[in-house]
file run.txt (compact mmCIF, C-alpha atoms and all ligand atoms)
# COMPACT_ATOMS: atom_id res chain seq x y z
CA MET A 1 -14.35 -12.04 14.97
CA GLY A 2 -17.07 -9.49 15.70
CA THR A 3 -17.10 -7.09 18.58
CA ILE A 4 -19.59 -9.13 20.51
CA ASP A 5 -17.07 -11.92 20.76
CA GLU A 6 -14.72 -9.52 22.48
CA MET A 7 -16.94 -9.14 25.53
CA VAL A 8 -15.44 -11.33 28.19
CA GLY A 9 -17.09 -12.07 31.48
CA ALA A 10 -18.78 -14.75 33.52
CA SER A 11 -19.72 -12.95 36.74
CA PRO A 12 -23.42 -12.66 37.57
CA ALA A 13 -23.11 -8.88 37.20
CA ILE A 14 -21.84 -9.00 33.62
CA CYS A 15 -24.08 -11.90 32.64
CA ALA A 16 -27.03 -9.69 33.59
CA VAL A 17 -25.61 -7.06 31.21
CA PHE A 18 -25.30 -9.63 28.43
CA ASP A 19 -28.95 -10.53 28.94
CA LEU A 20 -29.98 -6.90 28.64
CA VAL A 21 -27.90 -6.43 25.50
CA ARG A 22 -29.57 -9.40 23.90
CA LYS A 23 -33.05 -8.19 24.75
CA MET A 24 -32.50 -4.55 23.88
CA ALA A 25 -30.78 -5.29 20.59
CA ASN A 26 -34.07 -6.41 19.12
CA THR A 27 -35.83 -3.08 19.57
CA GLU A 28 -35.51 0.24 17.78
CA MET A 29 -35.56 2.27 20.97
CA PRO A 30 -32.64 4.31 22.26
CA VAL A 31 -30.55 2.76 25.01
CA LEU A 32 -28.70 4.75 27.66
CA ILE A 33 -25.48 3.06 28.74
CA THR A 34 -23.93 4.24 31.99
CA GLY A 35 -20.87 3.22 33.93
CA GLU A 36 -17.51 4.40 35.18
CA THR A 37 -14.70 5.10 32.76
CA GLY A 38 -13.34 2.05 31.00
CA THR A 39 -16.19 -0.29 31.93
CA GLY A 40 -17.02 -1.11 28.31
CA LYS A 41 -19.78 1.33 27.37
CA GLU A 42 -18.68 1.68 23.77
CA LEU A 43 -18.11 -2.05 23.42
CA THR A 44 -21.62 -2.61 24.76
CA ALA A 45 -23.07 -0.16 22.24
CA GLN A 46 -21.27 -2.01 19.46
CA ALA A 47 -22.55 -5.31 20.81
CA ILE A 48 -26.13 -4.00 20.71
CA HIS A 49 -25.64 -2.80 17.15
CA GLU A 50 -24.17 -6.10 16.03
CA ARG A 51 -27.03 -8.04 17.53
CA SER A 52 -29.66 -5.77 15.98
CA LEU A 53 -31.41 -5.89 12.62
CA ARG A 54 -29.22 -2.94 11.72
CA LYS A 55 -26.01 -4.92 11.97
CA LEU A 56 -25.30 -4.61 8.27
CA GLY A 57 -25.67 -0.83 8.50
CA PRO A 58 -23.01 1.51 9.88
CA PHE A 59 -22.15 1.99 13.55
CA VAL A 60 -21.24 5.67 13.85
CA PRO A 61 -19.74 6.87 17.13
CA ILE A 62 -19.42 10.52 18.04
CA ASN A 63 -17.88 11.78 21.26
CA CYS A 64 -19.91 14.80 22.31
CA GLY A 65 -17.35 15.72 24.96
CA ALA A 66 -14.31 15.68 22.70
CA ILE A 67 -15.52 17.99 19.93
CA PRO A 68 -15.49 21.78 20.44
CA GLU A 69 -18.99 23.11 20.99
CA THR A 70 -18.86 25.21 17.86
CA LEU A 71 -18.17 22.18 15.68
CA LEU A 72 -20.40 19.65 17.33
CA GLU A 73 -23.68 20.73 15.76
CA SER A 74 -22.17 20.56 12.30
CA GLU A 75 -20.49 17.21 13.05
CA LEU A 76 -23.76 15.77 14.25
CA PHE A 77 -26.36 17.33 11.97
CA GLY A 78 -24.23 18.62 9.06
CA HIS A 79 -24.40 22.03 7.40
CA GLU A 80 -25.35 23.66 4.12
CA ARG A 81 -22.91 25.56 1.99
CA GLY A 82 -22.44 29.10 3.30
CA ALA A 83 -24.14 28.30 6.64
CA PHE A 84 -21.23 29.93 8.44
CA THR A 85 -17.79 31.30 7.65
CA GLY A 86 -15.73 28.45 6.33
CA ALA A 87 -18.70 26.35 5.26
CA VAL A 88 -17.53 26.27 1.67
CA GLN A 89 -19.56 23.25 0.79
CA GLN A 90 -22.45 21.21 2.05
CA LYS A 91 -21.54 18.59 4.63
CA LYS A 92 -23.56 15.70 5.93
CA GLY A 93 -23.36 15.00 9.64
CA LYS A 94 -22.84 11.80 11.59
CA LEU A 95 -26.60 11.39 11.93
CA GLU A 96 -26.96 11.05 8.18
CA ALA A 97 -23.89 8.84 8.06
CA ALA A 98 -25.69 6.50 10.44
CA ALA A 99 -28.64 6.00 8.07
CA GLY A 100 -29.73 2.37 8.19
CA GLY A 101 -27.50 1.83 11.21
CA THR A 102 -26.76 3.15 14.68
CA LEU A 103 -25.57 6.52 15.97
CA PHE A 104 -23.61 6.20 19.22
CA LEU A 105 -23.58 9.44 21.22
CA ASP A 106 -20.72 9.08 23.65
CA GLU A 107 -20.59 11.46 26.63
CA VAL A 108 -24.12 12.59 25.85
CA GLY A 109 -24.14 14.61 29.08
CA ASP A 110 -21.84 17.11 27.38
CA LEU A 111 -24.41 18.11 24.76
CA LEU A 112 -25.28 21.79 25.00
CA PRO A 113 -28.94 22.71 25.58
CA ALA A 114 -29.56 23.82 21.98
CA LEU A 115 -28.32 20.49 20.68
CA GLN A 116 -30.30 18.63 23.30
CA VAL A 117 -33.43 20.21 21.83
CA LYS A 118 -32.45 19.23 18.33
CA LEU A 119 -31.68 15.67 19.42
CA LEU A 120 -34.96 15.40 21.31
CA ARG A 121 -36.84 16.44 18.20
CA PHE A 122 -35.02 13.82 16.17
CA LEU A 123 -35.85 11.16 18.74
CA GLN A 124 -39.50 12.17 18.82
CA GLU A 125 -40.15 12.90 15.18
CA GLY A 126 -37.19 11.47 13.30
CA THR A 127 -36.56 14.84 11.64
CA PHE A 128 -33.89 17.56 11.71
CA GLU A 129 -32.29 20.26 9.57
CA ARG A 130 -28.66 20.74 8.70
CA ILE A 131 -27.20 24.04 9.94
CA GLY A 132 -28.35 26.77 7.55
CA GLY A 133 -30.74 24.34 5.87
CA GLN A 134 -34.40 24.99 5.03
CA GLU A 135 -35.21 21.43 4.15
CA THR A 136 -36.49 19.11 6.86
CA LEU A 137 -34.63 15.82 6.62
CA ARG A 138 -35.62 12.39 7.85
CA VAL A 139 -33.09 9.70 8.68
CA ASP A 140 -33.56 6.12 9.78
CA ALA A 141 -30.94 5.82 12.52
CA ARG A 142 -31.15 4.24 15.95
CA VAL A 143 -29.62 6.24 18.78
CA LEU A 144 -27.55 4.72 21.56
CA ALA A 145 -26.03 7.01 24.16
CA ALA A 146 -23.47 6.72 26.93
CA THR A 147 -22.38 8.80 29.85
CA ASN A 148 -20.14 8.44 32.85
CA VAL A 149 -21.62 11.45 34.62
CA ASP A 150 -24.81 11.23 36.62
CA LEU A 151 -27.44 12.75 34.36
CA LYS A 152 -29.87 13.15 37.26
CA THR A 153 -27.44 15.53 38.91
CA ALA A 154 -27.02 17.34 35.60
CA ILE A 155 -30.83 17.66 35.41
CA ASP A 156 -30.93 19.12 38.92
CA LYS A 157 -28.37 21.68 37.85
CA ASN A 158 -30.37 22.50 34.71
CA LEU A 159 -27.57 21.25 32.50
CA PHE A 160 -29.50 18.37 30.99
CA ARG A 161 -33.10 18.31 29.85
CA GLU A 162 -35.30 16.00 31.80
CA ASP A 163 -37.49 15.21 28.77
CA LEU A 164 -34.42 14.16 26.78
CA TYR A 165 -33.24 12.02 29.68
CA TYR A 166 -36.53 10.15 29.75
CA ARG A 167 -36.52 9.75 25.98
CA LEU A 168 -32.97 8.39 25.95
CA GLY A 169 -33.17 6.33 29.08
CA VAL A 170 -36.33 4.23 28.67
CA LEU A 171 -33.93 1.36 28.18
CA HIS A 172 -30.93 1.58 30.46
CA ILE A 173 -27.85 -0.57 30.90
CA HIS A 174 -25.50 0.11 33.78
CA LEU A 175 -22.08 -1.45 33.49
CA PRO A 176 -20.73 -2.53 36.86
CA PRO A 177 -17.22 -1.46 37.77
CA LEU A 178 -14.61 -4.18 37.39
CA ARG A 179 -14.17 -4.40 41.18
CA ASP A 180 -17.76 -5.67 41.41
CA ARG A 181 -17.28 -8.40 38.82
CA GLY A 182 -15.51 -10.93 41.01
CA GLU A 183 -13.38 -13.38 39.14
CA ASP A 184 -13.89 -11.62 35.79
CA THR A 185 -10.73 -9.69 36.52
CA VAL A 186 -8.65 -12.85 36.40
CA LEU A 187 -10.58 -14.16 33.43
CA MET A 188 -10.03 -10.98 31.46
CA ALA A 189 -6.40 -10.83 32.51
CA MET A 190 -5.94 -14.24 30.92
CA VAL A 191 -7.62 -13.21 27.69
CA PHE A 192 -5.68 -9.96 27.50
CA LEU A 193 -2.45 -11.83 28.19
CA LYS A 194 -3.10 -14.15 25.30
CA GLN A 195 -3.82 -11.18 23.02
CA ALA A 196 -0.84 -9.14 24.16
CA ALA A 197 1.59 -12.03 23.97
CA ALA A 198 0.37 -12.85 20.47
CA THR A 199 1.76 -9.54 19.28
CA SER A 200 5.02 -9.89 21.14
CA ARG A 201 7.75 -12.42 20.53
CA LYS A 202 7.55 -13.85 24.01
CA THR A 203 6.49 -17.17 25.38
CA ILE A 204 4.41 -16.45 28.45
CA ARG A 205 2.47 -19.22 30.12
CA GLY A 206 0.35 -17.33 32.58
CA TYR A 207 0.50 -15.56 35.93
CA THR A 208 2.26 -16.57 39.11
CA PRO A 209 -0.18 -17.19 41.99
CA GLN A 210 1.12 -14.00 43.61
CA ALA A 211 0.37 -12.07 40.44
CA VAL A 212 -3.17 -13.45 40.46
CA ASP A 213 -3.50 -12.21 44.07
CA VAL A 214 -2.33 -8.78 43.03
CA LEU A 215 -4.80 -8.68 40.13
CA ARG A 216 -7.57 -9.54 42.55
CA ALA A 217 -6.54 -7.07 45.22
CA HIS A 218 -6.25 -4.01 43.02
CA SER A 219 -9.39 -1.87 42.86
CA TRP A 220 -9.05 -0.97 39.14
CA PRO A 221 -10.34 2.60 39.13
CA GLY A 222 -9.76 2.68 35.36
CA ASN A 223 -11.68 -0.58 35.05
CA VAL A 224 -11.24 -2.84 32.01
CA ARG A 225 -9.13 -0.34 30.10
CA GLU A 226 -6.69 -0.11 33.02
CA LEU A 227 -6.50 -3.89 33.27
CA SER A 228 -5.88 -4.28 29.57
CA ASN A 229 -3.12 -1.65 29.62
CA ARG A 230 -1.54 -3.17 32.73
CA VAL A 231 -1.41 -6.60 31.14
CA ARG A 232 0.06 -5.27 27.91
CA ARG A 233 2.72 -3.47 29.87
CA ALA A 234 3.45 -6.55 31.95
CA VAL A 235 4.03 -8.60 28.81
CA VAL A 236 6.60 -6.08 27.69
CA MET A 237 8.28 -6.06 31.11
CA ALA A 238 8.19 -9.82 31.75
CA GLU A 239 11.50 -11.64 31.83
CA GLY A 240 10.21 -15.08 32.70
CA ILE A 241 7.52 -17.34 31.36
CA GLU A 242 5.02 -16.18 33.94
CA ILE A 243 3.84 -12.67 34.75
CA THR A 244 4.92 -11.68 38.25
CA PRO A 245 3.62 -8.95 40.59
CA HIS A 246 6.75 -7.03 39.70
CA ASP A 247 5.80 -7.11 36.01
CA LEU A 248 2.34 -5.82 36.86
CA ASP A 249 3.84 -3.07 38.96
CA LEU A 250 0.82 -3.00 41.23
CA ALA A 251 2.54 -4.51 44.26
CA GLY A 252 2.03 -2.70 47.53
CA GLU A 253 -1.23 -1.16 46.33
CA GLU A 254 -4.23 -2.18 48.32
CA LEU A 255 -3.15 -5.71 49.13
CA PRO A 256 -5.59 -7.09 51.68
CA THR A 257 -4.61 -6.12 55.16
CA ALA A 258 -4.13 -8.75 57.82
CA ASP A 259 -7.22 -7.67 59.72
CA SER A 260 -9.58 -7.93 56.76
CA LEU A 261 -11.21 -11.33 56.77
CA ASP A 262 -12.86 -13.08 53.85
CA SER A 263 -16.00 -14.97 54.64
CA LEU A 264 -15.31 -18.70 54.51
CA ARG A 265 -17.43 -18.92 51.41
CA ALA A 266 -15.53 -16.13 49.64
CA ALA A 267 -12.21 -17.67 50.66
CA HIS A 268 -13.32 -21.02 49.37
CA ARG A 269 -14.32 -19.54 46.01
CA ARG A 270 -11.10 -17.59 45.76
CA ILE A 271 -8.88 -20.56 46.43
CA GLU A 272 -10.85 -22.84 44.15
CA MET A 273 -10.75 -20.34 41.31
CA GLU A 274 -7.06 -19.76 41.87
CA LEU A 275 -6.33 -23.47 41.63
CA LEU A 276 -8.46 -23.87 38.53
CA VAL A 277 -6.76 -20.95 36.79
CA LYS A 278 -3.39 -22.36 37.71
CA ALA A 279 -4.28 -25.84 36.51
CA ILE A 280 -5.56 -24.49 33.18
CA SER A 281 -2.38 -22.53 32.76
CA LEU A 282 -0.14 -25.46 33.68
CA HIS A 283 -1.87 -28.07 31.58
CA GLN A 284 -2.98 -25.83 28.76
CA GLY A 285 -6.58 -26.72 29.44
CA ASN A 286 -6.12 -30.50 29.24
CA LEU A 287 -9.01 -31.71 31.35
CA THR A 288 -7.61 -35.15 32.09
CA ARG A 289 -4.32 -33.88 33.40
CA MET A 290 -5.98 -31.09 35.35
CA ALA A 291 -8.39 -33.56 36.98
CA ARG A 292 -5.50 -35.84 37.91
CA ASP A 293 -3.56 -33.04 39.59
CA LEU A 294 -6.54 -31.62 41.39
CA GLU A 295 -7.69 -35.11 42.39
CA VAL A 296 -11.27 -34.80 41.20
CA SER A 297 -13.20 -36.56 38.47
CA ARG A 298 -13.29 -34.99 35.04
CA SER A 299 -17.03 -34.34 35.32
CA THR A 300 -16.63 -32.64 38.71
CA LEU A 301 -13.83 -30.57 37.29
CA TYR A 302 -15.90 -29.61 34.31
CA ARG A 303 -18.79 -28.61 36.55
CA LYS A 304 -16.44 -26.43 38.61
CA LEU A 305 -15.01 -24.81 35.51
CA ARG A 306 -18.50 -23.98 34.37
CA ALA A 307 -19.42 -22.54 37.75
CA TYR A 308 -16.57 -20.06 37.38
CA GLY A 309 -17.14 -19.43 33.68
CA LEU A 310 -13.81 -21.03 32.90
CA GLU A 311 -14.98 -23.88 30.70
CA LYS A 312 -14.11 -21.92 27.58
CA PHE A 313 -10.48 -22.33 28.43
CA VAL A 314 -10.65 -26.05 27.98
CA PRO A 315 -9.99 -26.97 24.36
CA ALA A 316 -13.07 -28.39 22.65
CA ALA A 317 -11.05 -31.40 21.58
CA THR A 318 -11.22 -32.73 25.13
CA PRO A 319 -13.88 -35.43 24.93
CA LEU A 320 -16.89 -34.90 27.16
CA SER A 321 -20.33 -36.40 27.03
CA SER A 322 -22.73 -34.22 25.10
CA ASP A 323 -25.06 -34.26 28.09
CA THR A 324 -22.55 -32.39 30.16
CA ARG A 325 -22.06 -29.90 27.39
CA LEU A 326 -25.73 -29.29 26.86
CA LYS A 327 -26.09 -28.38 30.50
CA SER A 328 -23.50 -25.64 30.07
CA LYS A 329 -25.24 -22.39 30.86
CA LYS A 330 -22.90 -19.52 31.48
CA SER A 331 -19.75 -18.97 29.53
CA ALA A 332 -16.79 -16.73 29.50
CA LYS A 333 -17.62 -15.20 26.19
CA PHE A 334 -20.80 -13.50 25.15
CA SER A 335 -20.85 -15.28 21.82
CA ALA A 336 -21.17 -18.67 23.41
CA GLN A 337 -24.09 -17.56 25.51
CA GLU A 338 -25.79 -16.53 22.34
CA SER A 339 -25.73 -20.02 20.93
CA GLY A 340 -28.51 -20.91 23.31
CA GLY A 341 -26.18 -21.70 26.16
CA GLU A 342 -24.75 -24.63 24.29
CA MET A 343 -21.06 -24.92 23.85
CA PRO A 344 -19.74 -25.19 20.33
CA ARG A 345 -19.03 -28.86 19.84
CA GLU A 346 -16.77 -29.19 16.89
CA SER A 347 -15.28 -25.76 16.54
CA THR A 348 -11.97 -25.34 18.24
CA ALA A 349 -11.63 -21.76 17.12
CA VAL A 350 -13.22 -20.10 20.14
CA ASN A 351 -11.56 -22.33 22.63
CA LEU A 352 -8.15 -22.17 21.14
CA ALA A 353 -8.47 -18.46 20.80
CA MET A 354 -9.25 -18.34 24.50
CA GLU A 355 -6.50 -20.64 25.57
CA PRO A 356 -4.94 -18.87 28.54
CA THR A 357 -1.53 -20.33 28.16
CA VAL A 358 0.34 -18.41 25.59
CA SER A 359 3.07 -19.83 23.52
CA GLN A 360 4.08 -17.43 20.84
CA SER A 361 7.42 -18.10 19.29
CA VAL A 362 7.50 -15.87 16.22
N1 LIG A 401 -16.26 -7.17 28.82
C1 LIG A 401 -15.13 -6.85 28.18
N2 LIG A 401 -14.36 -7.82 27.65
C2 LIG A 401 -13.21 -7.52 27.01
N3 LIG A 401 -12.76 -6.27 26.82
C3 LIG A 401 -13.48 -5.26 27.31
C4 LIG A 401 -14.71 -5.49 28.03
N4 LIG A 401 -15.20 -4.30 28.41
C5 LIG A 401 -14.34 -3.38 27.97
N5 LIG A 401 -13.31 -3.92 27.30
C6 LIG A 401 -12.16 -3.21 26.70
O1 LIG A 401 -11.79 -2.18 27.60
C7 LIG A 401 -11.51 -0.98 26.92
C8 LIG A 401 -12.46 0.11 27.36
O2 LIG A 401 -13.78 -0.19 26.88
P1 LIG A 401 -14.75 0.96 26.32
O3 LIG A 401 -14.00 1.93 25.50
O4 LIG A 401 -15.93 0.30 25.72
O5 LIG A 401 -15.13 1.62 27.72
P2 LIG A 401 -15.95 2.95 28.02
O6 LIG A 401 -16.85 2.64 29.15
O7 LIG A 401 -16.57 3.44 26.75
O8 LIG A 401 -14.80 3.92 28.52
P3 LIG A 401 -14.83 5.54 28.64
O9 LIG A 401 -15.82 5.89 29.73
O10 LIG A 401 -13.46 5.88 29.06
O11 LIG A 401 -15.23 6.07 27.32
C9 LIG A 401 -11.61 -1.30 25.44
O12 LIG A 401 -10.33 -1.64 24.98
C10 LIG A 401 -12.52 -2.50 25.40
O13 LIG A 401 -12.27 -3.30 24.28
MG MG A 402 -16.22 5.32 25.76

call {"tool": "encode", "arguments": {"input": "run.txt", "output": "structure tokens"}}
result
Amino acid sequence: MGTIDEMVGASPAICAVFDLVRKMANTEMPVLITGETGTGKELTAQAIHERSLRKLGPFVPINCGAIPETLLESELFGHERGAFTGAVQQKKGKLEAAAGGTLFLDEVGDLLPALQVKLLRFLQEGTFERIGGQETLRVDARVLAATNVDLKTAIDKNLFREDLYYRLGVLHIHLPPLRDRGEDTVLMAMVFLKQAAATSRKTIRGYTPQAVDVLRAHSWPGNVRELSNRVRRAVVMAEGIEITPHDLDLAGEELPTADSLDSLRAAHRRIEMELLVKAISLHQGNLTRMARDLEVSRSTLYRKLRAYGLEKFVPAATPLSSDTRLKSKKSAKFSAQESGGEMPRESTAVNLAMEPTVSQSV
């Protein structure tokens, strides 16, 4: 399964991101990806690469904030033998390693001014020199960059070049924080649970309704990474077949206070989604049994599932008229959106892989 298939989400906010990824993948221009920590910037960069014509080439990430300043230039642009003490042989940098593919500059805001100049030149002319090198080199690499600091502020403080900012940021994707992605939190929690339980020896069916409330109420400052870690931890801690608030260890944090009122509409959505998630979990996505319990027709149920991006949790084996399927527009996984909005008809792989109810015995 490619990286793109790992991007989960059905909220309007993340669907807008998926749209941008799809459009921007087809160009050769740099893309600036912004967003709080853990929102999926690197995953988005990989998704762009995998959708691009360069997908068979390398995807080369380099974290500009994690490498000591003195080493970064050499890491990025390489050096010639004898360029500095310790440079005993010639070394190619990440830029050359990305030839035919994509260079992903993570934490680009941490680049020092001298390197910003060198990067700008590469973006404008496609040329650079290794440290200590006389030869001007040319490499065919697309640049994607990410930052979780506000580059405009850095420009105001003269820490980041405005011309580089405009060069990098012609195409821009901002990843919304998890707290602004509505029901995606629950959706992702289900996917992560399935993944985490698959590596453990536990049989875990889903979340208790209280646990779902807790997942919704938390503000997730560490975003998707925090959620993923929390779920993995909960699987380790769980003693029953459902994850409880205790397992999540988030209880008491930011639960809605009695005087905060949902709008009727929001409350309606929340309850409906909660019931749907519970029904999927209980009946392992069997549409007929879910419809019976929820006392709606199968087509109404399917329409509801689609409205919440939950239809991917219903095994493909469940018979539905192809008309209904063709109308499917949004889906929980990016890959399905890419197939022209049409759900895979025969393949059970995606659906089974997404099955929220986890039953892992060995
Ligand atoms: N839409 C998503 N669906 C599934 N998993 C996701 C999604 N977005 C992010 N993740 C997962 O969350 C974790 C953090 O994502 P990623 O490293 O891309 O975030 P980031 O924005 O680069 O974080 P940082 O700012 O800390 O570098 C990864 O494990 C990634 O696989
Ligand atoms: Mg990152």

call {"tool": "residues_near_ligand", "arguments": {"input": "run.txt", "ligand": "ligand MG 402 (chain A)", "cutoff": "7 Å", "atoms": "all atoms listed in the file", "output": "ChimeraX atom specification"}}
result
/A:38,40-42,106

call {"tool": "residues_near_ligand", "arguments": {"input": "run.txt", "ligand": "ligand LIG 401 (chain A)", "cutoff": "7 Å", "atoms": "only C-alpha atoms and all ligand atoms", "output": "list in words"}}
result
Glu6, Met7, Val8, Gly9, Gly35, Glu36, Thr37, Gly38, Thr39, Gly40, Lys41, Glu42, Leu43, Thr44, Asn148, Met188, Val224, Arg225 and Ser228 of chain A

call {"tool": "write_last_selection", "arguments": {"input": "run.txt", "atoms": "C-alpha atoms", "output": "short mmCIF file (atom, residue, chain, number, x, y, z; two decimals), keeping the file's coordinate frame"}}
result
data_model
loop_
_atom_site.label_atom_id
_atom_site.label_comp_id
_atom_site.auth_asym_id
_atom_site.auth_seq_id
_atom_site.Cartn_x
_atom_site.Cartn_y
_atom_site.Cartn_z
CA GLU A 6 -14.72 -9.52 22.48
CA MET A 7 -16.94 -9.14 25.53
CA VAL A 8 -15.44 -11.33 28.19
CA GLY A 9 -17.09 -12.07 31.48
CA GLY A 35 -20.87 3.22 33.93
CA GLU A 36 -17.51 4.40 35.18
CA THR A 37 -14.70 5.10 32.76
CA GLY A 38 -13.34 2.05 31.00
CA THR A 39 -16.19 -0.29 31.93
CA GLY A 40 -17.02 -1.11 28.31
CA LYS A 41 -19.78 1.33 27.37
CA GLU A 42 -18.68 1.68 23.77
CA LEU A 43 -18.11 -2.05 23.42
CA THR A 44 -21.62 -2.61 24.76
CA ASN A 148 -20.14 8.44 32.85
CA MET A 188 -10.03 -10.98 31.46
CA VAL A 224 -11.24 -2.84 32.01
CA ARG A 225 -9.13 -0.34 30.10
CA SER A 228 -5.88 -4.28 29.57
#

call {"tool": "residues_near_point", "arguments": {"input": "run.txt", "point": "(-24.4, 1.6, 9.7)", "cutoff": "12 Å", "atoms": "only C-alpha atoms", "output": "count of residues only"}}
result
29

call {"tool": "closest_residue", "arguments": {"input": "run.txt", "among": "A:Glu239, A:Asp180, A:Asp249, A:Glu295", "to": "Ser219 in chain A", "atoms": "only C-alpha atoms"}}
result
A:Asp180

call {"tool": "closest_residue", "arguments": {"input": "run.txt", "among": "A:Leu137, A:Ala189, A:Leu264, A:Ile241", "to": "Phe122 in chain A", "atoms": "only C-alpha atoms"}}
result
A:Leu137

call {"tool": "atom_distance", "arguments": {"input": "run.txt", "atom1": "CA of Asp150 in chain A", "atom2": "CA of Asp184 in chain A"}}
result
25.3 Å

call {"tool": "closest_residue", "arguments": {"input": "run.txt", "among": "A:Asn158, A:Ser297, A:Gly82, A:Leu32", "to": "Leu175 in chain A", "atoms": "only C-alpha atoms"}}
result
A:Leu32

call {"tool": "closest_residue", "arguments": {"input": "run.txt", "among": "A:Asn223, A:Thr147, A:Thr288, A:Thr136", "to": "Arg179 in chain A", "atoms": "all atoms listed in the file"}}
result
A:Asn223

call {"tool": "atom_distance", "arguments": {"input": "run.txt", "atom1": "CA of Ala10 in chain A", "atom2": "CA of Gly309 in chain A"}}
result
5.0 Å

call {"tool": "atom_distance", "arguments": {"input": "run.txt", "atom1": "CA of Ala211 in chain A", "atom2": "CA of Ile243 in chain A"}}
result
6.7 Å

call {"tool": "residues_around", "arguments": {"input": "run.txt", "residues": "Val314 in chain A", "least_positions_apart": "2", "cutoff": "6 Å", "atoms": "all atoms listed in the file", "output": "PyMOL selection string"}}
result
chain A and resi 285+311-312

call {"tool": "residues_around", "arguments": {"input": "run.txt", "residues": "range 193-207 of chain A", "least_positions_apart": "4", "cutoff": "12 Å", "atoms": "all atoms listed in the file", "output": "PyMOL selection string"}}
result
chain A and resi 6+185-189+211-215+227-248+274-275+277-285+313+352-362

call {"tool": "residues_around", "arguments": {"input": "run.txt", "residues": "Asn26 in chain A", "least_positions_apart": "2", "cutoff": "8 Å", "atoms": "all atoms listed in the file", "output": "list in words"}}
result
Arg22, Lys23, Met24, Glu28, Arg51, Ser52 and Leu53 of chain A

call {"tool": "residues_near_point", "arguments": {"input": "run.txt", "point": "(-20.1, -7.8, 38.8)", "cutoff": "8 Å", "atoms": "all atoms listed in the file", "output": "PyMOL selection string"}}
result
chain A and resi 11-14+176-182+184

call {"tool": "residues_around", "arguments": {"input": "run.txt", "residues": "Arg121 in chain A", "least_positions_apart": "3", "cutoff": "12 Å", "atoms": "all atoms listed in the file", "output": "list in words"}}
result
Ala114, Leu115, Gln116, Val117, Lys118, Gln124, Glu125, Gly126, Thr127, Phe128, Glu129, Thr136, Leu137, Arg138, Asp163, Leu164, Arg167 and Leu168 of chain A

call {"tool": "write_last_selection", "arguments": {"input": "run.txt", "atoms": "C-alpha atoms", "output": "mmCIF file, in the frame of the given file"}}
result
data_model
loop_
_atom_site.group_PDB
_atom_site.id
_atom_site.type_symbol
_atom_site.label_atom_id
_atom_site.label_comp_id
_atom_site.auth_asym_id
_atom_site.auth_seq_id
_atom_site.Cartn_x
_atom_site.Cartn_y
_atom_site.Cartn_z
ATOM 1 C CA ALA A 114 -29.560 23.820 21.980
ATOM 2 C CA LEU A 115 -28.320 20.490 20.680
ATOM 3 C CA GLN A 116 -30.300 18.630 23.300
ATOM 4 C CA VAL A 117 -33.430 20.210 21.830
ATOM 5 C CA LYS A 118 -32.450 19.230 18.330
ATOM 6 C CA GLN A 124 -39.500 12.170 18.820
ATOM 7 C CA GLU A 125 -40.150 12.900 15.180
ATOM 8 C CA GLY A 126 -37.190 11.470 13.300
ATOM 9 C CA THR A 127 -36.560 14.840 11.640
ATOM 10 C CA PHE A 128 -33.890 17.560 11.710
ATOM 11 C CA GLU A 129 -32.290 20.260 9.570
ATOM 12 C CA THR A 136 -36.490 19.110 6.860
ATOM 13 C CA LEU A 137 -34.630 15.820 6.620
ATOM 14 C CA ARG A 138 -35.620 12.390 7.850
ATOM 15 C CA ASP A 163 -37.490 15.210 28.770
ATOM 16 C CA LEU A 164 -34.420 14.160 26.780
ATOM 17 C CA ARG A 167 -36.520 9.750 25.980
ATOM 18 C CA LEU A 168 -32.970 8.390 25.950
#

call {"tool": "closest_residue", "arguments": {"input": "run.txt", "among": "A:Ile67, A:Leu119, A:Ile131, A:Ala45", "to": "Gly93 in chain A", "atoms": "all atoms listed in the file"}}
result
A:Ile131

call {"tool": "decode", "arguments": {"input": "run.txt", "residues": "range 199-204 of chain A", "atoms": "N, CA, C and O atoms", "output": "compact mmCIF listing (two decimals), in the first residue's frame"}}
result
# COMPACT_ATOMS: atom_id res chain seq x y z
N THR A 199 -0.90 -5.47 15.37
CA THR A 199 0.45 -5.83 15.82
C THR A 199 0.46 -6.35 17.25
O THR A 199 1.49 -6.74 17.77
N SER A 200 -0.70 -6.29 17.90
CA SER A 200 -0.74 -6.84 19.26
C SER A 200 -1.46 -8.19 19.19
O SER A 200 -1.92 -8.61 18.15
N ARG A 201 -1.55 -8.84 20.31
CA ARG A 201 -2.23 -10.15 20.29
C ARG A 201 -3.62 -10.04 20.90
O ARG A 201 -4.14 -10.98 21.46
N LYS A 202 -4.18 -8.83 20.79
CA LYS A 202 -5.46 -8.61 21.47
C LYS A 202 -6.63 -8.57 20.51
O LYS A 202 -6.49 -8.18 19.35
N THR A 203 -7.77 -8.95 21.02
CA THR A 203 -9.00 -8.80 20.26
C THR A 203 -9.72 -7.57 20.80
O THR A 203 -10.18 -7.56 21.93
N ILE A 204 -9.73 -6.52 19.99
CA ILE A 204 -10.39 -5.29 20.42
C ILE A 204 -11.40 -4.88 19.37
O ILE A 204 -11.07 -4.75 18.20
